[in-house]
Amino acid sequence: MKIAAALALTLASASAFTAPAALNTRSSSALGMASIDEAFGVSIETGNKCPPLGAAILKDTQPSAMKWFQNAEIKHGRIAMIATIGFMVQKWGVHFPLYLGPTGSNVFHPASDSAWYLSTSAGVTFADVAAAAPLDAIKMVPAAGWLQIFFMAGWFECIAFDRQWNQENPIPGNYGYDPLGFTKREGGWESEELTSLRLKEIKNGRVAMMTMAAWVSNEAIPGALPVWHP
């Protein structure tokens, strides 16, 4: 379920982002190479310069294009970070009690005589999903489950779009949801600590996206990548 939700949200975030119409309009305010290389998120890993492909895509575009791609990267990175946790949990067979019910109560032993059903019509129990391989677990999710996932993802996308574009929020990735109060610290978004955390999030998201690509490839084609995977 965790993997299914993560992949569904990834697909939804990709489809829900519709670039503003003015992205490719040339004007005096078009992005130059200097401004692209100074964009937040460009760091030492690429020699403090935007990679060639990204630079070519953003060349002569409006500043809104940079913000659009930054939002897309941050959101996909966040989904990928959650997906890596879900993939490992599913791969290792770790699961948690379902509302204190029987399924998952033994953590590493999903089998239960009174397992709860994920779908009675399909005859799939939560114990079945917990025991399945990550990609097999996705196939077990019933149509009603996918409908719920896409509905929630679409609802979130509408809120994110409104707060980023309609309300013209200048900080990519800031959708007004901050239950832990990170943005309420002294200095707010301009503080050195929060700036560092924002950059770390972007970098960890990039690693997570590459990790998920590798793990899913190796899961679909065993031995596709000659590296350790969970």
# chains A, B, ... in the order shown; residues from 1 in each chain; ligands from 1

$ closest_atom_pairs --of "segment 33-145 of chain A" --to "segment 163-180 of chain A" --cutoff "10 Å" --atoms "only C-alpha atoms" --output "Markdown table"
| residue | atom | partner | partner_atom | distance |
| --- | --- | --- | --- | --- |
| A:Phe40 | CA | A:Pro172 | CA | 9.5 |
| A:Ser64 | CA | A:Trp165 | CA | 9.4 |
| A:Met66 | CA | A:Pro172 | CA | 9.5 |
| A:Lys67 | CA | A:Pro172 | CA | 6.2 |
| A:Trp68 | CA | A:Pro172 | CA | 8.0 |
| A:Phe69 | CA | A:Pro172 | CA | 9.1 |
| A:Gln70 | CA | A:Pro172 | CA | 6.1 |
| A:Asn71 | CA | A:Pro172 | CA | 5.1 |
| A:Ala72 | CA | A:Gly173 | CA | 8.5 |
| A:Glu73 | CA | A:Gly173 | CA | 9.0 |
| A:Ile74 | CA | A:Gly173 | CA | 6.1 |
| A:Lys75 | CA | A:Gly173 | CA | 6.9 |
| A:Arg78 | CA | A:Gly173 | CA | 9.7 |

$ closest_residue --among "A:Met209, A:Pro222, A:Leu135, A:Ser196" --to "Ala83 of chain A" --atoms "only C-alpha atoms"
A:Met209

$ atom_distance --atom1 "atom CA of Glu157 of chain A" --atom2 "atom CA of Ile79 of chain A"
12.9 Å

$ select_by_dssp --residues "segment 37-184 of chain A" --states "strand (DSSP E)" --output "count of residues only"
5

$ residues_around --residues "Thr120 of chain A" --least-positions-apart "4" --cutoff "12 Å" --atoms "only C-alpha atoms" --output "compact mmCIF listing (two decimals) with all heavy atoms, in the first residue's frame"
# COMPACT_ATOMS: atom_id res chain seq x y z
N ALA A 115 -7.37 -12.30 9.57
CA ALA A 115 -6.88 -11.12 8.86
C ALA A 115 -8.03 -10.29 8.32
O ALA A 115 -9.06 -10.82 7.91
CB ALA A 115 -5.97 -11.56 7.71
N TRP A 116 -7.82 -9.00 8.29
CA TRP A 116 -8.84 -8.09 7.78
C TRP A 116 -8.69 -7.97 6.27
O TRP A 116 -7.60 -7.99 5.73
CB TRP A 116 -8.68 -6.72 8.43
CG TRP A 116 -9.04 -6.72 9.88
CD1 TRP A 116 -9.41 -7.78 10.64
CD2 TRP A 116 -9.06 -5.58 10.74
NE1 TRP A 116 -9.65 -7.39 11.92
CE2 TRP A 116 -9.45 -6.04 12.02
CE3 TRP A 116 -8.80 -4.23 10.56
CZ2 TRP A 116 -9.57 -5.18 13.11
CZ3 TRP A 116 -8.91 -3.38 11.64
CH2 TRP A 116 -9.31 -3.86 12.90
N VAL A 124 -8.57 -10.12 -1.12
CA VAL A 124 -7.23 -9.72 -0.71
C VAL A 124 -7.27 -9.17 0.71
O VAL A 124 -8.07 -8.28 1.02
CB VAL A 124 -6.66 -8.63 -1.66
CG1 VAL A 124 -5.28 -8.18 -1.19
CG2 VAL A 124 -6.59 -9.16 -3.08
N THR A 125 -6.41 -9.70 1.58
CA THR A 125 -6.33 -9.22 2.95
C THR A 125 -5.11 -8.33 3.12
O THR A 125 -4.20 -8.33 2.29
CB THR A 125 -6.22 -10.38 3.94
OG1 THR A 125 -4.95 -11.06 3.75
CG2 THR A 125 -7.36 -11.39 3.74
N PHE A 126 -5.10 -7.56 4.19
CA PHE A 126 -3.93 -6.74 4.48
C PHE A 126 -2.71 -7.61 4.73
O PHE A 126 -1.58 -7.22 4.45
CB PHE A 126 -4.21 -5.86 5.71
CG PHE A 126 -5.06 -4.67 5.41
CD1 PHE A 126 -6.44 -4.73 5.57
CD2 PHE A 126 -4.50 -3.48 4.95
CE1 PHE A 126 -7.24 -3.64 5.29
CE2 PHE A 126 -5.30 -2.39 4.66
CZ PHE A 126 -6.67 -2.46 4.82
N MET A 140 -2.14 -5.53 -6.07
CA MET A 140 -3.20 -5.99 -5.16
C MET A 140 -4.18 -4.88 -4.77
O MET A 140 -5.24 -5.16 -4.24
CB MET A 140 -2.58 -6.57 -3.89
CG MET A 140 -1.81 -7.84 -4.09
SD MET A 140 -1.10 -8.42 -2.53
CE MET A 140 -0.64 -10.08 -2.96
N VAL A 141 -3.81 -3.64 -5.02
CA VAL A 141 -4.67 -2.54 -4.63
C VAL A 141 -5.91 -2.52 -5.53
O VAL A 141 -5.79 -2.46 -6.76
CB VAL A 141 -3.94 -1.19 -4.74
CG1 VAL A 141 -4.86 -0.04 -4.33
CG2 VAL A 141 -2.68 -1.20 -3.87
N PRO A 142 -7.11 -2.59 -4.97
CA PRO A 142 -8.33 -2.60 -5.79
C PRO A 142 -8.60 -1.24 -6.43
O PRO A 142 -7.99 -0.23 -6.05
CB PRO A 142 -9.42 -2.96 -4.78
CG PRO A 142 -8.88 -2.50 -3.46
CD PRO A 142 -7.39 -2.72 -3.53
N ALA A 144 -11.07 0.74 -6.17
CA ALA A 144 -11.56 1.74 -5.21
C ALA A 144 -10.40 2.37 -4.43
O ALA A 144 -10.44 3.57 -4.10
CB ALA A 144 -12.54 1.09 -4.24

$ residues_around --residues "Ala80 of chain A" --least-positions-apart "6" --cutoff "7 Å" --atoms "only C-alpha atoms" --output "list in words"
Gly205, Ala208, Met209 and Met212 of chain A

$ write_last_selection --atoms "N, CA, C and O atoms" --output "short mmCIF file (atom, residue, chain, number, x, y, z; two decimals), in the first residue's frame"
data_model
loop_
_atom_site.label_atom_id
_atom_site.label_comp_id
_atom_site.auth_asym_id
_atom_site.auth_seq_id
_atom_site.Cartn_x
_atom_site.Cartn_y
_atom_site.Cartn_z
N GLY A 205 16.15 14.66 -1.76
CA GLY A 205 15.12 14.29 -2.72
C GLY A 205 15.71 13.78 -4.02
O GLY A 205 15.21 12.82 -4.61
N ALA A 208 16.95 10.32 -3.43
CA ALA A 208 15.81 9.41 -3.30
C ALA A 208 15.21 9.07 -4.66
O ALA A 208 14.82 7.92 -4.91
N MET A 209 15.13 10.05 -5.56
CA MET A 209 14.58 9.79 -6.90
C MET A 209 15.46 8.81 -7.66
O MET A 209 14.96 7.88 -8.32
N MET A 212 15.00 5.28 -6.01
CA MET A 212 13.77 4.59 -6.40
C MET A 212 13.84 4.07 -7.84
O MET A 212 13.37 2.97 -8.14
#
